[in-house]
Amino acid sequence: MADKKINLWLFCIISMMLLGCTKPIDLDQAKDLSLTPVVESSLFFYKGKAGEFFIGGSGAVLETSTVNIAVFDDAFVQDNLVKAEFLFETTNTINRAYSLQVDFLDGLGAIVHSIAIETPASPRGEELLSTHTELFEGNNIQNLKSAKQLEFTLTMLPGIPINEGTFGEINLKSSGTFYLEINP
């Protein structure tokens, strides 16, 4: 009896496979295939208290950091990157305005693209958020593809004096969204 049940199940499965509805597969459609992945990445984060800008009896005006971006050396990225968006966010609770300069440098250290972002002072110590989006596409994308480093320079702008006990902090963060188009 068990053999008959197994044979019946096997017959049903084989019948379904042979009689099932199928459409012919058109492999030529693969020529029109275009993949468009989107990749997001954090780039830079900085947090500084107001007192950290007070050096040797005066307000320090510069904080500079450099980030290497070797991803653009990759041939796959060079061939398939069609658009990129960089988001820069600054949150300030210090009663001083700041300027953030972002320079995209090539392999020889020459600036291929530059961005300046102003952040207002926060007179009451409230969080003031400033955002800036920089878009690279079309002819502009070649400047980005030639970049090897990002240099971030934070400058405290003139204003009321600060000291090591001055309240507040400034936070910087940035991220990138990269759009690829892959055509086989």
# chains A, B, ... in the order shown; residues from 1 in each chain; ligands from 1
$ residues_around --residues "A:Val102" --least-positions-apart "4" --cutoff "9 Å" --atoms "only C-alpha atoms" --output "list in words"
His113, Ser114, Ile115, Ala116, Ile117, Leu150, Glu151, Phe152, Thr153 and Leu154 of chain A
$ atom_distance --atom1 "atom CA of A:Leu81" --atom2 "atom CA of A:Ser130"
27.7 Å
$ closest_atom_pairs --of "stretch 33-73 of chain A" --to "stretch 161-181 of chain A" --cutoff "8 Å" --atoms "only C-alpha atoms" --output "JSON lines"
{"residue": "A:Ser34", "atom": "CA", "partner": "A:Glu181", "partner_atom": "CA", "distance": 6.7}
{"residue": "A:Leu35", "atom": "CA", "partner": "A:Glu181", "partner_atom": "CA", "distance": 5.7}
{"residue": "A:Thr36", "atom": "CA", "partner": "A:Glu181", "partner_atom": "CA", "distance": 4.6}
{"residue": "A:Pro37", "atom": "CA", "partner": "A:Leu180", "partner_atom": "CA", "distance": 5.5}
{"residue": "A:Val38", "atom": "CA", "partner": "A:Tyr179", "partner_atom": "CA", "distance": 4.7}
{"residue": "A:Val39", "atom": "CA", "partner": "A:Phe178", "partner_atom": "CA", "distance": 5.1}
{"residue": "A:Glu40", "atom": "CA", "partner": "A:Thr177", "partner_atom": "CA", "distance": 4.4}
{"residue": "A:Ser41", "atom": "CA", "partner": "A:Gly176", "partner_atom": "CA", "distance": 5.3}
{"residue": "A:Ser42", "atom": "CA", "partner": "A:Ser175", "partner_atom": "CA", "distance": 4.2}
{"residue": "A:Leu43", "atom": "CA", "partner": "A:Ser175", "partner_atom": "CA", "distance": 5.0}
{"residue": "A:Phe44", "atom": "CA", "partner": "A:Ser174", "partner_atom": "CA", "distance": 5.2}
{"residue": "A:Phe45", "atom": "CA", "partner": "A:Lys173", "partner_atom": "CA", "distance": 4.3}
{"residue": "A:Tyr46", "atom": "CA", "partner": "A:Leu172", "partner_atom": "CA", "distance": 5.0}
{"residue": "A:Lys47", "atom": "CA", "partner": "A:Asn171", "partner_atom": "CA", "distance": 4.5}
{"residue": "A:Gly48", "atom": "CA", "partner": "A:Ile170", "partner_atom": "CA", "distance": 5.4}
{"residue": "A:Lys49", "atom": "CA", "partner": "A:Glu169", "partner_atom": "CA", "distance": 4.1}
{"residue": "A:Ala50", "atom": "CA", "partner": "A:Glu169", "partner_atom": "CA", "distance": 5.3}
{"residue": "A:Gly51", "atom": "CA", "partner": "A:Glu164", "partner_atom": "CA", "distance": 3.9}
{"residue": "A:Glu52", "atom": "CA", "partner": "A:Glu164", "partner_atom": "CA", "distance": 6.8}
{"residue": "A:Phe53", "atom": "CA", "partner": "A:Glu164", "partner_atom": "CA", "distance": 7.9}
{"residue": "A:Phe54", "atom": "CA", "partner": "A:Asn163", "partner_atom": "CA", "distance": 5.4}
{"residue": "A:Gly57", "atom": "CA", "partner": "A:Asn163", "partner_atom": "CA", "distance": 7.6}
{"residue": "A:Ser58", "atom": "CA", "partner": "A:Asn163", "partner_atom": "CA", "distance": 7.4}
{"residue": "A:Gly59", "atom": "CA", "partner": "A:Ile162", "partner_atom": "CA", "distance": 6.2}
$ residues_around --residues "A:Gly138" --least-positions-apart "5" --cutoff "12 Å" --atoms "only C-alpha atoms" --output "number ranges by chain"
A: 81-84, 143-145
$ write_last_selection --atoms "N, CA, C and O atoms" --output "tab-separated table (two decimals), in the first residue's frame"
chain	number	residue	atom	x	y	z
A	81	LEU	N	30.24	54.74	-12.08
A	81	LEU	CA	29.68	55.79	-11.23
A	81	LEU	C	29.09	56.89	-12.10
A	81	LEU	O	29.78	57.47	-12.94
A	82	VAL	N	27.80	57.18	-11.94
A	82	VAL	CA	27.14	58.19	-12.77
A	82	VAL	C	26.67	59.40	-11.97
A	82	VAL	O	26.41	60.46	-12.54
A	83	LYS	N	26.59	59.26	-10.66
A	83	LYS	CA	26.09	60.36	-9.83
A	83	LYS	C	26.53	60.12	-8.38
A	83	LYS	O	26.61	58.98	-7.94
A	84	ALA	N	26.78	61.21	-7.66
A	84	ALA	CA	27.11	61.11	-6.24
A	84	ALA	C	26.55	62.34	-5.53
A	84	ALA	O	26.56	63.44	-6.07
A	143	ASN	N	35.48	65.36	-11.89
A	143	ASN	CA	36.25	65.96	-10.80
A	143	ASN	C	36.26	65.05	-9.59
A	143	ASN	O	37.29	64.86	-8.95
A	144	LEU	N	35.11	64.50	-9.27
A	144	LEU	CA	35.02	63.59	-8.13
A	144	LEU	C	35.84	62.34	-8.35
A	144	LEU	O	36.56	61.89	-7.46
A	145	LYS	N	35.76	61.77	-9.54
A	145	LYS	CA	36.50	60.54	-9.84
A	145	LYS	C	38.01	60.75	-9.76
A	145	LYS	O	38.75	59.79	-9.55
$ residues_around --residues "A:Thr131" --least-positions-apart "2" --cutoff "7 Å" --atoms "only C-alpha atoms" --output "list in words"
Phe88, Glu89, Thr90, Leu129 and Thr133 of chain A
$ closest_residue --among "A:Met156, A:Phe136, A:Ser122, A:Ile141" --to "A:Thr93" --atoms "only C-alpha atoms"
A:Ser122
$ closest_residue --among "A:Ala147, A:Leu105, A:Leu157, A:Leu100" --to "A:Ala70" --atoms "only C-alpha atoms"
A:Ala147
$ atom_distance --atom1 "atom CA of A:Asn139" --atom2 "atom CA of A:Ser65"
27.8 Å
$ select_by_dssp --residues "stretch 60-110 of chain A" --states "strand (DSSP E)" --output "list in words"
Leu62, Glu63, Thr64, Ser65, Thr66, Val67, Asn68, Leu81, Val82, Lys83, Ala84, Glu85, Phe86, Leu87, Phe88, Glu89, Thr90, Thr91, Asn92, Tyr98, Ser99, Leu100, Gln101, Val102, Asp103, Phe104 and Leu105 of chain A
$ atom_distance --atom1 "atom CA of A:Ile55" --atom2 "atom CA of A:Thr155"
13.9 Å
$ select_by_dssp --residues "stretch 12-177 of chain A" --states "alpha helix (DSSP H)" --output "JSON, numbers by chain"
{"A": [12, 13, 14, 15, 16, 17, 18, 19, 75, 76, 77, 78, 79, 80, 141, 142, 143, 144, 145]}
$ write_last_selection --atoms "N, CA, C and O atoms" --output "short mmCIF file (atom, residue, chain, number, x, y, z; two decimals), in the first residue's frame"
data_model
loop_
_atom_site.label_atom_id
_atom_site.label_comp_id
_atom_site.auth_asym_id
_atom_site.auth_seq_id
_atom_site.Cartn_x
_atom_site.Cartn_y
_atom_site.Cartn_z
N CYS A 12 2.32 12.08 -10.03
CA CYS A 12 1.75 13.44 -10.00
C CYS A 12 2.85 14.49 -10.20
O CYS A 12 2.66 15.45 -10.97
N ILE A 13 3.96 14.33 -9.54
CA ILE A 13 5.05 15.31 -9.64
C ILE A 13 5.61 15.32 -11.06
O ILE A 13 5.81 16.38 -11.66
N ILE A 14 5.85 14.16 -11.63
CA ILE A 14 6.39 14.08 -13.00
C ILE A 14 5.39 14.66 -13.99
O ILE A 14 5.75 15.39 -14.91
N SER A 15 4.11 14.38 -13.80
CA SER A 15 3.07 14.91 -14.70
C SER A 15 3.04 16.43 -14.64
O SER A 15 2.92 17.10 -15.68
N MET A 16 3.13 16.99 -13.46
CA MET A 16 3.13 18.45 -13.33
C MET A 16 4.33 19.06 -14.03
O MET A 16 4.22 20.10 -14.66
N MET A 17 5.46 18.42 -13.88
CA MET A 17 6.67 18.95 -14.52
C MET A 17 6.55 18.91 -16.04
O MET A 17 6.96 19.83 -16.73
N LEU A 18 5.97 17.83 -16.58
CA LEU A 18 5.88 17.68 -18.02
C LEU A 18 4.74 18.50 -18.62
O LEU A 18 4.85 18.98 -19.75
N LEU A 19 3.66 18.65 -17.90
CA LEU A 19 2.49 19.32 -18.44
C LEU A 19 2.35 20.76 -17.95
O LEU A 19 1.42 21.45 -18.35
N ALA A 75 38.71 50.58 -11.09
CA ALA A 75 38.24 50.69 -12.48
C ALA A 75 36.72 50.51 -12.58
O ALA A 75 36.06 51.17 -13.38
N PHE A 76 36.17 49.62 -11.75
CA PHE A 76 34.72 49.40 -11.75
C PHE A 76 33.98 50.69 -11.40
O PHE A 76 33.00 51.06 -12.05
N VAL A 77 34.45 51.40 -10.38
CA VAL A 77 33.84 52.67 -9.97
C VAL A 77 34.03 53.71 -11.06
O VAL A 77 33.10 54.44 -11.41
N GLN A 78 35.22 53.79 -11.63
CA GLN A 78 35.49 54.76 -12.70
C GLN A 78 34.53 54.56 -13.88
O GLN A 78 34.04 55.52 -14.46
N ASP A 79 34.26 53.30 -14.22
CA ASP A 79 33.42 53.00 -15.38
C ASP A 79 31.92 53.14 -15.11
O ASP A 79 31.15 53.41 -16.04
N ASN A 80 31.49 52.94 -13.86
CA ASN A 80 30.05 52.82 -13.60
C ASN A 80 29.44 53.89 -12.71
O ASN A 80 28.22 53.94 -12.60
N ILE A 141 31.10 64.94 -12.57
CA ILE A 141 31.47 63.68 -11.92
C ILE A 141 32.95 63.35 -12.13
O ILE A 141 33.57 62.68 -11.30
N GLN A 142 33.55 63.84 -13.22
CA GLN A 142 34.96 63.56 -13.48
C GLN A 142 35.86 64.18 -12.42
O GLN A 142 36.89 63.60 -12.06
N ASN A 143 35.48 65.36 -11.89
CA ASN A 143 36.25 65.96 -10.80
C ASN A 143 36.26 65.05 -9.59
O ASN A 143 37.29 64.86 -8.95
N LEU A 144 35.11 64.50 -9.27
CA LEU A 144 35.02 63.59 -8.13
C LEU A 144 35.84 62.34 -8.35
O LEU A 144 36.56 61.89 -7.46
N LYS A 145 35.76 61.77 -9.54
CA LYS A 145 36.50 60.54 -9.84
C LYS A 145 38.01 60.75 -9.76
O LYS A 145 38.75 59.79 -9.55
#
$ residues_around --residues "A:Ala121" --least-positions-apart "6" --cutoff "6 Å" --atoms "only C-alpha atoms" --output "ChimeraX atom specification"
/A:95-97
$ write_last_selection --atoms "all heavy atoms" --output "PDB file, in the first residue's frame"
ATOM      1  N   ASN A  95      28.306  79.854  20.946  1.00  0.00           N
ATOM      2  CA  ASN A  95      27.937  81.212  20.541  1.00  0.00           C
ATOM      3  C   ASN A  95      29.027  81.826  19.655  1.00  0.00           C
ATOM      4  O   ASN A  95      29.505  82.935  19.890  1.00  0.00           O
ATOM      5  CB  ASN A  95      27.675  82.083  21.768  1.00  0.00           C
ATOM      6  CG  ASN A  95      27.027  83.411  21.400  1.00  0.00           C
ATOM      7  OD1 ASN A  95      26.632  83.612  20.261  1.00  0.00           O
ATOM      8  ND2 ASN A  95      26.932  84.300  22.365  1.00  0.00           N
ATOM      9  N   ARG A  96      29.435  81.068  18.650  1.00  0.00           N
ATOM     10  CA  ARG A  96      30.379  81.521  17.621  1.00  0.00           C
ATOM     11  C   ARG A  96      30.011  80.841  16.318  1.00  0.00           C
ATOM     12  O   ARG A  96      29.622  79.670  16.302  1.00  0.00           O
ATOM     13  CB  ARG A  96      31.823  81.132  17.972  1.00  0.00           C
ATOM     14  CG  ARG A  96      32.473  81.891  19.108  1.00  0.00           C
ATOM     15  CD  ARG A  96      32.824  83.344  18.766  1.00  0.00           C
ATOM     16  NE  ARG A  96      33.928  83.496  17.860  1.00  0.00           N
ATOM     17  CZ  ARG A  96      35.201  83.604  18.222  1.00  0.00           C
ATOM     18  NH1 ARG A  96      35.542  83.583  19.492  1.00  0.00           N
ATOM     19  NH2 ARG A  96      36.129  83.744  17.305  1.00  0.00           N
ATOM     20  N   ALA A  97      30.104  81.575  15.246  1.00  0.00           N
ATOM     21  CA  ALA A  97      29.845  81.002  13.922  1.00  0.00           C
ATOM     22  C   ALA A  97      31.097  80.275  13.431  1.00  0.00           C
ATOM     23  O   ALA A  97      32.218  80.583  13.841  1.00  0.00           O
ATOM     24  CB  ALA A  97      29.454  82.112  12.946  1.00  0.00           C
TER      25      ALA A  97
END
$ closest_residue --among "A:Asp106, A:Phe86, A:Ser146, A:Ser99" --to "A:His132" --atoms "only C-alpha atoms"
A:Phe86
$ closest_residue --among "A:Ile94, A:Val67, A:Leu62, A:Leu33" --to "A:Lys148" --atoms "only C-alpha atoms"
A:Val67
